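The structure under discussion appears below in the form of structure tokens.
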Amino acid sequence: MSTLSHIAFENACADIFCFDNGTEVKEYQAMIHVSQHKLPYAQQFEAIMNAYSQLLESLPGTQAVFKRYFLSDAANQADDVILADVTDCAKSLIEQAPLDGTKIALWVYLMTNVQTGIGKSGLYEVRHGSFRHLWNGSAHNLAANSEYQTRLLFNEYNMQLLEEDCTLEANCIRTWLFVNDIDLNYGGVVRARNQFFFTQGLTVHTHFIASTGIGGRQMDPNVLTQMDNYAIAGIQKEQIHYLYAPTHLNRTSDYGVSFERGTYIDYADRRHVFISGTASINNKGEVMYPKDIVKQTHRMWENVEALLKEADCTYDEVSEMVVYLRDVADYELVRDLFEERFPRKPYVIVQAAVCRSAWLIEMECMAVKQISAPAHPAF
């Protein structure tokens, strides 16, 4: 049903998760890494692009539905990616340096037997059956501060959704907010999101949206907030479920922010699970194990595991993971912990500060499993 594989290319390698339940839509998540970290950027970028092309050749019939490039120096690297990658899918470019010593890594989400294109709103759509999956990457603007930038981002995204006959409340499943100098600018992001969500009927009494708010830098230093997002046109309310894991985690609204810990979507043939950025926290909202990266990592895993369990999943169904570290000096220790527990799982460890300085590590993930829910349409 799901398999893990590893492919070595010239100067690069890929870890791949495949979900195949016998229907026409197979799903693949791949993390592509440079294997020769001493190469200059141009050769590392070439290695990533060549590996991606060869990966597509080895997976006939697949199409990219979303990509994220993790860059070590966006100001000097992003232009090359923008010019070279003309794939018809949403692309996210963010300065979150891969901590294996390389300058670039690529996360790509692939599917078979889907149609892709740009919707009338400018969002990238992935069409199959009765659904249009709407992806967007690298949205940004140059308003005066992080609060204004975030407010404008959500206003513009809301208008795009309305053009697609969708709403933020009914159709948006996942957001990512990358904050330049998060210790300074996250407060403005939170204020703008809270206020905008309230106007859209997103409250503690209704629901929020799965999200990651994390440190990240755009190629233009004046961009203080960048957003990626995912929505589904055609989804019904009863297909969407929210994850809380109250034995381990509190509601985010308890400490003044507005996102869901996780969300899962049921189709007739599969369940998609989206776990938000999750750190070492307890169900009172307190940071667990300050200054101890090992204990924080284990508590983070435990929290994610509790969320997955609520969706009737385990780490076996997890298809990809992005791990954020505040301190680069923790990389080798954390890498060894992940390699021991999750060998061959597609993941990347990048440098990015979490929204509380006491959190040394955070992770997010997606999962997919086969189910039988005949009351819902197939994916």
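Convention: chains lettered A, B, ... in structure tokens order; per-chain residue numbering from 1; ligands numbered from 1 as shown.
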Hey, which bits of range 67-145 of chain A sit within 7 Å of range 225-249 of chain A, and for each residue what's the closest pair of atoms and how far apart in Å (one decimal), counting only C-alpha atoms, rows by chain and increasing number, as CSV?
residue,atom,partner,partner_atom,distance
A:Ser92,CA,A:Asp228,CA,6.9
A:Ser130,CA,A:Gly234,CA,6.4
A:Phe131,CA,A:Gly234,CA,5.1
A:Arg132,CA,A:Ala233,CA,5.0
A:His133,CA,A:Ile232,CA,4.5
A:Leu134,CA,A:Ala231,CA,5.0
A:Trp135,CA,A:Tyr230,CA,4.6
A:Asn136,CA,A:Asn229,CA,5.3
A:Gly137,CA,A:Asp228,CA,4.4
A:Ser138,CA,A:Met227,CA,5.7
A:Ala139,CA,A:Met227,CA,5.1
A:His140,CA,A:Gln226,CA,4.9
- Spatial neighbours of Ala144 in chain A, 10 Å, only C-alpha atoms, chain gap at least 6 places, as a PyMOL selection string: chain A and resi 222-224
Would you output that residue set with C-alpha atoms, as a PDB file, in the first residue's frame?
ATOM      1  CA  ASN A 222      11.603  43.772   2.822  1.00  0.00           C
ATOM      2  CA  VAL A 223       9.217  40.810   2.658  1.00  0.00           C
ATOM      3  CA  LEU A 224       8.430  40.050   6.283  1.00  0.00           C
TER       4      LEU A 224
END
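Proximity ranking of A:Leu360, A:Met219, A:Val322, A:Leu110 relative to Val287 in chain A places A:Leu360 first, based on only C-alpha atoms.
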- Please run DSSP on the backbone and report, as a PyMOL selection string, all residues within range 262-363 of chain A that come out as strand (DSSP E). chain A and resi 262-266+270-278+318-325+347-351+361-363
Residue neighbourhood Asn282 in chain A, 12 Å, only C-alpha atoms, exclusion window fewer than 2 positions, as a compact mmCIF listing (two decimals) with C-alpha atoms, in the first residue's frame:
# COMPACT_ATOMS: atom_id res chain seq x y z
CA ALA A 245 -5.01 15.43 21.11
CA PRO A 246 -6.13 17.07 24.39
CA THR A 247 -4.09 14.65 26.51
CA HIS A 248 -0.95 16.17 25.02
CA LEU A 249 -1.79 19.59 23.57
CA ASN A 250 -3.94 22.60 24.39
CA ARG A 251 -6.05 24.65 22.01
CA THR A 252 -3.90 27.24 20.28
CA THR A 278 4.29 20.91 16.37
CA ALA A 279 6.85 21.42 19.13
CA SER A 280 7.59 20.29 22.68
CA LYS A 284 -1.40 23.57 29.39
CA GLY A 285 0.47 25.38 26.65
CA GLU A 286 3.80 25.19 28.49
CA VAL A 287 7.15 24.56 26.81
CA MET A 288 8.42 21.16 27.84
CA TYR A 289 12.13 20.52 28.56
CA GLN A 296 12.22 18.24 23.20
CA ARG A 299 8.15 15.12 23.28
CA MET A 300 7.56 16.59 19.82
CA GLU A 302 4.96 12.06 21.11
CA ASN A 303 2.69 15.03 20.38
CA VAL A 304 2.64 14.32 16.65
CA ALA A 306 -1.03 11.60 19.50
- Message: With DSSP run on the backbone, what are the helix (DSSP H, G or I) residues within range 241-342 of chain A? I'd like them as a PyMOL selection string.
- Response: chain A and resi 252-255+293-310+315-317+328-341
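For the choices A:Cys89, A:Ile82, A:Ala75, A:Ile48, the atom-to-atom distance to Gly119 in chain A is smallest for A:Cys89 when using only C-alpha atoms.
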- Selected residue of minimal separation from Ala367 in chain A among A:Arg174, A:Arg151, A:Arg341, A:Arg270, counting only C-alpha atoms: A:Arg270
Which residues are close to Phe338 in chain A, i.e. within 10 Å by only C-alpha atoms, leaving aside same-chain residues fewer than 4 positions away? Reply as a PDB file with N, CA, C and O atoms, in the first residue's frame.
ATOM      1  N   THR A 297      12.855  16.806  21.348  1.00  0.00           N
ATOM      2  CA  THR A 297      12.584  16.005  20.145  1.00  0.00           C
ATOM      3  C   THR A 297      11.641  14.855  20.470  1.00  0.00           C
ATOM      4  O   THR A 297      10.667  14.607  19.741  1.00  0.00           O
ATOM      5  N   VAL A 323      11.486  19.338   9.313  1.00  0.00           N
ATOM      6  CA  VAL A 323      11.952  19.535  10.687  1.00  0.00           C
ATOM      7  C   VAL A 323      12.695  20.863  10.751  1.00  0.00           C
ATOM      8  O   VAL A 323      13.589  21.129   9.937  1.00  0.00           O
ATOM      9  N   GLU A 332      23.492  17.542  14.032  1.00  0.00           N
ATOM     10  CA  GLU A 332      23.978  16.162  13.959  1.00  0.00           C
ATOM     11  C   GLU A 332      23.262  15.264  14.967  1.00  0.00           C
ATOM     12  O   GLU A 332      22.917  14.113  14.660  1.00  0.00           O
ATOM     13  N   LEU A 333      23.015  15.787  16.149  1.00  0.00           N
ATOM     14  CA  LEU A 333      22.306  15.009  17.162  1.00  0.00           C
ATOM     15  C   LEU A 333      20.883  14.695  16.709  1.00  0.00           C
ATOM     16  O   LEU A 333      20.423  13.544  16.784  1.00  0.00           O
ATOM     17  N   VAL A 334      20.185  15.706  16.197  1.00  0.00           N
ATOM     18  CA  VAL A 334      18.805  15.501  15.756  1.00  0.00           C
ATOM     19  C   VAL A 334      18.758  14.591  14.527  1.00  0.00           C
ATOM     20  O   VAL A 334      17.895  13.709  14.417  1.00  0.00           O
ATOM     21  N   PHE A 342      13.388   6.912  11.847  1.00  0.00           N
ATOM     22  CA  PHE A 342      12.678   7.017  10.565  1.00  0.00           C
ATOM     23  C   PHE A 342      13.621   6.791   9.379  1.00  0.00           C
ATOM     24  O   PHE A 342      13.737   7.652   8.497  1.00  0.00           O
ATOM     25  N   PRO A 343      14.289   5.659   9.292  1.00  0.00           N
ATOM     26  CA  PRO A 343      15.183   5.432   8.153  1.00  0.00           C
ATOM     27  C   PRO A 343      14.402   5.414   6.839  1.00  0.00           C
ATOM     28  O   PRO A 343      13.333   4.831   6.753  1.00  0.00           O
ATOM     29  N   ARG A 344      14.923   6.113   5.857  1.00  0.00           N
ATOM     30  CA  ARG A 344      14.364   6.178   4.498  1.00  0.00           C
ATOM     31  C   ARG A 344      13.090   7.016   4.394  1.00  0.00           C
ATOM     32  O   ARG A 344      12.555   7.197   3.303  1.00  0.00           O
ATOM     33  N   LYS A 345      12.583   7.519   5.518  1.00  0.00           N
ATOM     34  CA  LYS A 345      11.397   8.383   5.428  1.00  0.00           C
ATOM     35  C   LYS A 345      11.804   9.707   4.765  1.00  0.00           C
ATOM     36  O   LYS A 345      12.843  10.282   5.110  1.00  0.00           O
ATOM     37  N   TYR A 347      12.375  13.230   4.614  1.00  0.00           N
ATOM     38  CA  TYR A 347      12.352  14.369   5.531  1.00  0.00           C
ATOM     39  C   TYR A 347      13.531  15.270   5.220  1.00  0.00           C
ATOM     40  O   TYR A 347      14.505  14.872   4.580  1.00  0.00           O
ATOM     41  N   ILE A 349      15.800  18.486   7.313  1.00  0.00           N
ATOM     42  CA  ILE A 349      16.033  19.281   8.514  1.00  0.00           C
ATOM     43  C   ILE A 349      16.624  20.611   8.076  1.00  0.00           C
ATOM     44  O   ILE A 349      17.666  20.650   7.403  1.00  0.00           O
TER      45      ILE A 349
END
- Message: Env of Tyr186 in chain A: 12 Å cut, atoms = only C-alpha atoms, seq-sep filter 4 positions within chain, self excluded. Answer as a ChimeraX atom specification.
- Response: /A:145-147,149-150,177-182,190-193,212-216,224-226,257,353-357
- Contacts of Met366 in chain A within 9 Å, only C-alpha atoms, excl. fewer than 3 positions in-chain, as a ChimeraX atom specification: /A:272-276,317-321
- Task: Might you pull out every residue within 9 Å of Asn194 in chain A, with only C-alpha atoms counted and same-chain residues fewer than 6 positions away left off, and present them as a list in words?
- Result: Leu202, Thr203, Gly256, Val257 and Ser258 of chain A
- Message: Report, in Å with one decimal, the straight-line distance from CA of Ile7 in chain A to CA of Leu55 in chain A.
- Response: 8.4 Å
- Message: Between CA of Ser5 in chain A and CA of Glu364 in chain A, what is the distance in Å, rounded to a tenth?
- Response: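 Computing it gives 20.8 Å between the two atoms.
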